[in-house]
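Student: I am sharing query.cif, which consists of mmCIF, C-alpha atoms:
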data_entry
loop_
_atom_site.label_atom_id
_atom_site.label_comp_id
_atom_site.auth_asym_id
_atom_site.auth_seq_id
_atom_site.Cartn_x
_atom_site.Cartn_y
_atom_site.Cartn_z
CA MET A 270 137.19 -147.69 14.72
CA LYS A 271 135.43 -145.73 12.01
CA ARG A 272 134.77 -148.98 10.13
CA LEU A 273 133.25 -150.57 13.22
CA ILE A 274 130.88 -147.62 13.76
CA TYR A 275 129.99 -147.64 10.06
CA ALA A 276 129.32 -151.40 10.14
CA LEU A 277 127.13 -151.07 13.24
CA ALA A 278 125.14 -148.25 11.61
CA VAL A 279 124.58 -150.33 8.45
CA PHE A 280 123.64 -153.37 10.55
CA ALA A 281 121.15 -151.30 12.58
CA LEU A 282 119.63 -149.88 9.41
CA VAL A 283 119.25 -153.32 7.81
CA ALA A 284 117.86 -154.84 11.01
CA SER A 285 115.26 -152.12 11.44
CA SER A 286 114.03 -152.41 7.85
CA CYS A 287 113.74 -156.20 7.83
CA GLY A 288 111.22 -158.49 9.44
CA GLY A 289 108.25 -157.66 11.63
CA GLU A 290 105.04 -156.31 10.30
CA SER A 291 104.25 -152.68 10.51
CA PRO A 292 100.74 -151.83 11.67
CA LYS A 293 98.31 -151.51 8.79
CA LYS A 294 97.05 -148.06 8.02
CA GLU A 295 93.37 -147.32 7.59
CA SER A 296 92.23 -146.88 4.04
CA THR A 297 91.82 -143.30 2.91
CA GLN A 298 88.09 -143.84 2.41
CA GLU A 299 87.63 -144.81 6.07
CA VAL A 300 89.60 -141.75 7.20
CA LYS A 301 87.49 -139.45 5.03
CA LYS A 302 84.28 -140.78 6.58
CA ASP A 303 85.44 -139.92 10.09
CA LYS A 304 87.06 -136.57 9.31
CA PRO A 305 84.64 -133.69 8.77
CA LEU A 306 84.92 -131.99 5.40
CA SER A 307 85.59 -128.28 5.13
CA LYS A 308 82.54 -126.08 5.56
CA ARG A 309 83.85 -124.03 2.63
CA THR A 310 82.42 -126.56 0.20
CA GLN A 311 78.94 -127.73 -0.67
CA GLU A 312 79.92 -131.29 0.30
CA GLY A 313 81.23 -130.15 3.69
CA MET A 314 78.11 -128.14 4.49
CA MET A 315 75.87 -131.00 3.33
CA GLN A 316 77.83 -133.34 5.62
CA LEU A 317 77.18 -130.90 8.47
CA LEU A 318 73.44 -130.76 7.71
CA ASN A 319 73.30 -134.57 7.64
CA SER A 320 75.18 -134.85 10.95
CA CYS A 321 72.57 -132.53 12.50
CA ASP A 322 69.69 -134.59 11.01
CA ILE A 323 68.54 -131.70 8.83
CA SER A 324 66.73 -132.86 5.71
CA LEU A 325 66.07 -130.71 2.68
CA HIS A 326 62.71 -130.06 1.07
CA ASP A 327 62.42 -131.51 -2.44
CA ALA A 328 61.67 -128.07 -3.91
CA LEU A 329 64.98 -126.57 -2.73
CA VAL A 330 67.96 -126.34 -5.08
CA PHE A 331 71.52 -125.58 -3.99
CA GLU A 332 72.53 -121.99 -4.74
CA GLU A 333 75.87 -121.23 -2.99
CA VAL A 334 78.21 -121.59 -0.02
CA LEU A 335 79.81 -118.43 1.27
CA MET A 336 81.77 -117.10 4.24
CA GLU A 337 80.20 -114.24 6.15
CA SER A 338 81.00 -112.88 9.62
CA ASN A 339 83.16 -115.85 10.67
CA ALA A 340 80.47 -118.35 9.67
CA TYR A 341 79.88 -120.45 6.59
CA LYS A 342 76.47 -120.25 4.97
CA ILE A 343 74.81 -122.65 2.59
CA ARG A 344 71.88 -121.26 0.63
CA PHE A 345 69.11 -123.00 -1.25
CA ILE A 346 66.47 -121.49 -3.49
CA SER A 347 63.09 -122.45 -4.87
CA SER A 348 61.55 -120.38 -7.66
CA ASP A 349 58.03 -120.02 -9.08
CA ILE A 350 56.45 -120.67 -5.68
CA ASP A 351 52.66 -120.85 -5.46
CA GLU A 352 50.71 -120.66 -2.19
CA GLU A 353 50.58 -124.44 -1.78
CA SER A 354 54.36 -124.77 -2.25
CA LEU A 355 54.97 -121.89 0.15
CA ALA A 356 52.80 -123.53 2.81
CA SER A 357 54.70 -126.79 2.31
CA LEU A 358 58.10 -125.04 2.61
CA GLU A 359 57.04 -123.11 5.72
CA GLY A 360 55.76 -126.33 7.33
CA TRP A 361 59.02 -128.09 6.46
CA PHE A 362 61.05 -125.19 7.96
CA ALA A 363 59.07 -125.37 11.22
CA GLU A 364 59.51 -129.17 11.29
CA GLN A 365 63.31 -128.90 10.93
CA VAL A 366 63.49 -126.42 13.81
CA GLU A 367 61.22 -128.61 15.95
CA ASN A 368 63.36 -131.70 15.27
CA LEU A 369 66.52 -129.86 16.37
CA VAL A 370 64.81 -128.58 19.53
CA ASN A 371 63.65 -132.13 20.30
CA ASN A 372 67.30 -133.23 19.95
CA GLY A 373 68.42 -130.72 22.61
CA TRP A 374 69.23 -127.60 20.56
CA LYS A 375 68.18 -124.34 22.24
CA LYS A 376 65.98 -122.15 20.05
CA ARG A 377 66.16 -118.32 19.93
CA VAL A 378 63.79 -116.53 17.55
CA VAL A 379 65.39 -113.42 16.06
CA ARG A 380 62.77 -112.62 13.40
CA ASP A 381 59.40 -114.24 12.93
CA ASN A 382 57.81 -113.62 9.55
CA GLU A 383 58.90 -109.94 9.47
CA MET A 384 58.60 -107.84 6.31
CA MET A 385 61.87 -106.23 5.20
CA PHE A 386 62.81 -104.93 1.77
CA GLY A 387 59.72 -106.44 0.19
CA ALA A 388 60.29 -109.94 1.54
CA ARG A 389 59.20 -111.92 4.61
CA TYR A 390 62.03 -113.12 6.83
CA THR A 391 62.27 -115.67 9.59
CA GLU A 392 65.53 -116.11 11.47
CA ILE A 393 66.09 -118.64 14.23
CA VAL A 394 69.32 -119.27 16.13
CA LEU A 395 69.82 -122.80 17.46
CA LEU A 396 72.47 -123.26 20.14
CA LYS A 397 74.29 -126.58 20.11
CA PRO A 398 73.67 -128.92 23.06
CA GLU A 399 76.66 -129.32 25.35
CA GLY A 400 78.73 -132.36 24.43
CA MET A 401 77.17 -132.87 20.99
CA LYS A 402 79.73 -133.92 18.39
CA VAL A 403 78.98 -131.81 15.33
CA ASN A 404 81.27 -129.53 13.33
CA VAL A 405 80.04 -126.23 14.83
CA SER A 406 81.37 -124.21 17.76
CA TYR A 407 78.22 -122.60 19.11
CA GLY A 408 75.27 -123.35 16.90
CA LEU A 409 73.34 -122.84 13.69
CA SER A 410 71.21 -120.05 12.31
CA PHE A 411 68.24 -120.84 10.08
CA TYR A 412 66.93 -118.19 7.70
CA SER A 413 63.91 -118.33 5.46
CA GLN A 414 63.07 -115.57 3.04
CA TYR A 415 60.05 -115.35 0.78
CA ASN A 416 59.81 -112.65 -1.87
CA ASP A 417 56.19 -112.48 -3.05
CA SER A 418 56.89 -110.30 -6.11
CA LYS A 419 59.53 -112.77 -7.39
CA LYS A 420 57.68 -115.87 -6.08
CA GLU A 421 61.01 -116.99 -4.67
CA TYR A 422 61.83 -118.83 -1.42
CA ARG A 423 65.35 -119.01 0.02
CA PHE A 424 66.56 -121.19 2.87
CA THR A 425 69.96 -120.51 4.45
CA VAL A 426 71.85 -122.30 7.21
CA SER A 427 74.76 -120.53 8.86
CA ALA A 428 77.31 -122.52 10.88
CA ASP A 429 80.15 -121.04 12.92
#
Translate this structure into structure tokens?
Tutor:
Amino acid sequence: MKRLIYALAVFALVASSCGGESPKKESTQEVKKDKPLSKRTQEGMMQLLNSCDISLHDALVFEEVLMESNAYKIRFISSDIDEESLASLEGWFAEQVENLVNNGWKKRVVRDNEMMFGARYTEIVLLKPEGMKVNVSYGLSFYSQYNDSKKEYRFTVSAD
């Protein structure tokens, strides 16, 4: 009896491993395209910015990604800013906000060109439209900071 059970088990094992085609798996590259990257990395945050149709100004250079208050932040910097470059960066910032609002994001101005600690700050919260498929829970925060004494402009996006 034991031999019969053993023979049936071997037969079932051989039968299940032979013949028939198993469904083909997607390549790992295709899976990576569909799966959002971690917001902990520069690549993940850049993927998020691209999915929200946020473009970067040519003068901005990546500085860091950090975690703060349950949100990931990506920060860019531009140094040696003259008045013409500052005007261009401020126009670009306003254009990015306007594009998001036109795509259904709800805008809340927290600070508008306020002086704090020797720098001018603008902070805008953008609430995600209902049903939009992007890798954020509630929305984005845009920060711009210009320090006149250092001639330095910083742009930060925070995503929860």
Student: Quick check on the file I pasted: which residues fall under the PyMOL selection byres ((chain A and resi 333) around 8)? Write them as a list of chain:residue names.
Tutor: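 Selection result, ordered by chain and number: A:Gln311, A:Phe331, A:Glu332, A:Val334, A:Leu335, A:Ile343, A:Arg344, A:Phe345.
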Student: Find, counting all atoms listed in the file, the residue in A:Lys308, A:Lys375, A:Lys342, A:Lys420 that gets nearest to Leu355 of chain A.
Tutor: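 Looking at the shortest contact to Leu355 of chain A, the residue is A:Lys420.
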Student: Within 10 Å of segment 390-404 of chain A, counting all atoms listed in the file, which residues qualify if same-chain residues fewer than 4 places away don't, as an NGL selection string?
Tutor: :A and (304-308 or 313-314 or 316-321 or 359 or 362 or 366 or 369-370 or 372-386 or 408-416 or 423-429)
Student: Generate a file of the selected residues that holds C-alpha atoms, formatted as a PDB file, in the coordinates of the input.
Tutor:
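Output saved as result27.pdb:
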ATOM      1  CA  LYS A 304      87.060-136.570   9.310  1.00  0.00           C
ATOM      2  CA  PRO A 305      84.640-133.690   8.770  1.00  0.00           C
ATOM      3  CA  LEU A 306      84.920-131.990   5.400  1.00  0.00           C
ATOM      4  CA  SER A 307      85.590-128.280   5.130  1.00  0.00           C
ATOM      5  CA  LYS A 308      82.540-126.080   5.560  1.00  0.00           C
ATOM      6  CA  GLY A 313      81.230-130.150   3.690  1.00  0.00           C
ATOM      7  CA  MET A 314      78.110-128.140   4.490  1.00  0.00           C
ATOM      8  CA  GLN A 316      77.830-133.340   5.620  1.00  0.00           C
ATOM      9  CA  LEU A 317      77.180-130.900   8.470  1.00  0.00           C
ATOM     10  CA  LEU A 318      73.440-130.760   7.710  1.00  0.00           C
ATOM     11  CA  ASN A 319      73.300-134.570   7.640  1.00  0.00           C
ATOM     12  CA  SER A 320      75.180-134.850  10.950  1.00  0.00           C
ATOM     13  CA  CYS A 321      72.570-132.530  12.500  1.00  0.00           C
ATOM     14  CA  GLU A 359      57.040-123.110   5.720  1.00  0.00           C
ATOM     15  CA  PHE A 362      61.050-125.190   7.960  1.00  0.00           C
ATOM     16  CA  VAL A 366      63.490-126.420  13.810  1.00  0.00           C
ATOM     17  CA  LEU A 369      66.520-129.860  16.370  1.00  0.00           C
ATOM     18  CA  VAL A 370      64.810-128.580  19.530  1.00  0.00           C
ATOM     19  CA  ASN A 372      67.300-133.230  19.950  1.00  0.00           C
ATOM     20  CA  GLY A 373      68.420-130.720  22.610  1.00  0.00           C
ATOM     21  CA  TRP A 374      69.230-127.600  20.560  1.00  0.00           C
ATOM     22  CA  LYS A 375      68.180-124.340  22.240  1.00  0.00           C
ATOM     23  CA  LYS A 376      65.980-122.150  20.050  1.00  0.00           C
ATOM     24  CA  ARG A 377      66.160-118.320  19.930  1.00  0.00           C
ATOM     25  CA  VAL A 378      63.790-116.530  17.550  1.00  0.00           C
ATOM     26  CA  VAL A 379      65.390-113.420  16.060  1.00  0.00           C
ATOM     27  CA  ARG A 380      62.770-112.620  13.400  1.00  0.00           C
ATOM     28  CA  ASP A 381      59.400-114.240  12.930  1.00  0.00           C
ATOM     29  CA  ASN A 382      57.810-113.620   9.550  1.00  0.00           C
ATOM     30  CA  GLU A 383      58.900-109.940   9.470  1.00  0.00           C
ATOM     31  CA  MET A 384      58.600-107.840   6.310  1.00  0.00           C
ATOM     32  CA  MET A 385      61.870-106.230   5.200  1.00  0.00           C
ATOM     33  CA  PHE A 386      62.810-104.930   1.770  1.00  0.00           C
ATOM     34  CA  GLY A 408      75.270-123.350  16.900  1.00  0.00           C
ATOM     35  CA  LEU A 409      73.340-122.840  13.690  1.00  0.00           C
ATOM     36  CA  SER A 410      71.210-120.050  12.310  1.00  0.00           C
ATOM     37  CA  PHE A 411      68.240-120.840  10.080  1.00  0.00           C
ATOM     38  CA  TYR A 412      66.930-118.190   7.700  1.00  0.00           C
ATOM     39  CA  SER A 413      63.910-118.330   5.460  1.00  0.00           C
ATOM     40  CA  GLN A 414      63.070-115.570   3.040  1.00  0.00           C
ATOM     41  CA  TYR A 415      60.050-115.350   0.780  1.00  0.00           C
ATOM     42  CA  ASN A 416      59.810-112.650  -1.870  1.00  0.00           C
ATOM     43  CA  ARG A 423      65.350-119.010   0.020  1.00  0.00           C
ATOM     44  CA  PHE A 424      66.560-121.190   2.870  1.00  0.00           C
ATOM     45  CA  THR A 425      69.960-120.510   4.450  1.00  0.00           C
ATOM     46  CA  VAL A 426      71.850-122.300   7.210  1.00  0.00           C
ATOM     47  CA  SER A 427      74.760-120.530   8.860  1.00  0.00           C
ATOM     48  CA  ALA A 428      77.310-122.520  10.880  1.00  0.00           C
ATOM     49  CA  ASP A 429      80.150-121.040  12.920  1.00  0.00           C
TER      50      ASP A 429
END
Student: Between atom CA of Ile346 of chain A and atom CA of Lys419 of chain A, what distance in Å does the model show, to one decimal?
Tutor: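 Between atom CA of Ile346 of chain A and atom CA of Lys419 of chain A the gap is 11.8 Å.
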Student: Starting from the displayed file, determine the output of the PyMOL selection byres ((chain A and resi 327) around 12) and express the residue list as a PDB file with C-alpha atoms, in the coordinates of the input.
Tutor:
ATOM      1  CA  SER A 324      66.730-132.860   5.710  1.00  0.00           C
ATOM      2  CA  LEU A 325      66.070-130.710   2.680  1.00  0.00           C
ATOM      3  CA  HIS A 326      62.710-130.060   1.070  1.00  0.00           C
ATOM      4  CA  ALA A 328      61.670-128.070  -3.910  1.00  0.00           C
ATOM      5  CA  LEU A 329      64.980-126.570  -2.730  1.00  0.00           C
ATOM      6  CA  VAL A 330      67.960-126.340  -5.080  1.00  0.00           C
ATOM      7  CA  PHE A 331      71.520-125.580  -3.990  1.00  0.00           C
ATOM      8  CA  PHE A 345      69.110-123.000  -1.250  1.00  0.00           C
ATOM      9  CA  ILE A 346      66.470-121.490  -3.490  1.00  0.00           C
ATOM     10  CA  SER A 347      63.090-122.450  -4.870  1.00  0.00           C
ATOM     11  CA  SER A 354      54.360-124.770  -2.250  1.00  0.00           C
ATOM     12  CA  SER A 357      54.700-126.790   2.310  1.00  0.00           C
ATOM     13  CA  LEU A 358      58.100-125.040   2.610  1.00  0.00           C
ATOM     14  CA  TRP A 361      59.020-128.090   6.460  1.00  0.00           C
TER      15      TRP A 361
END
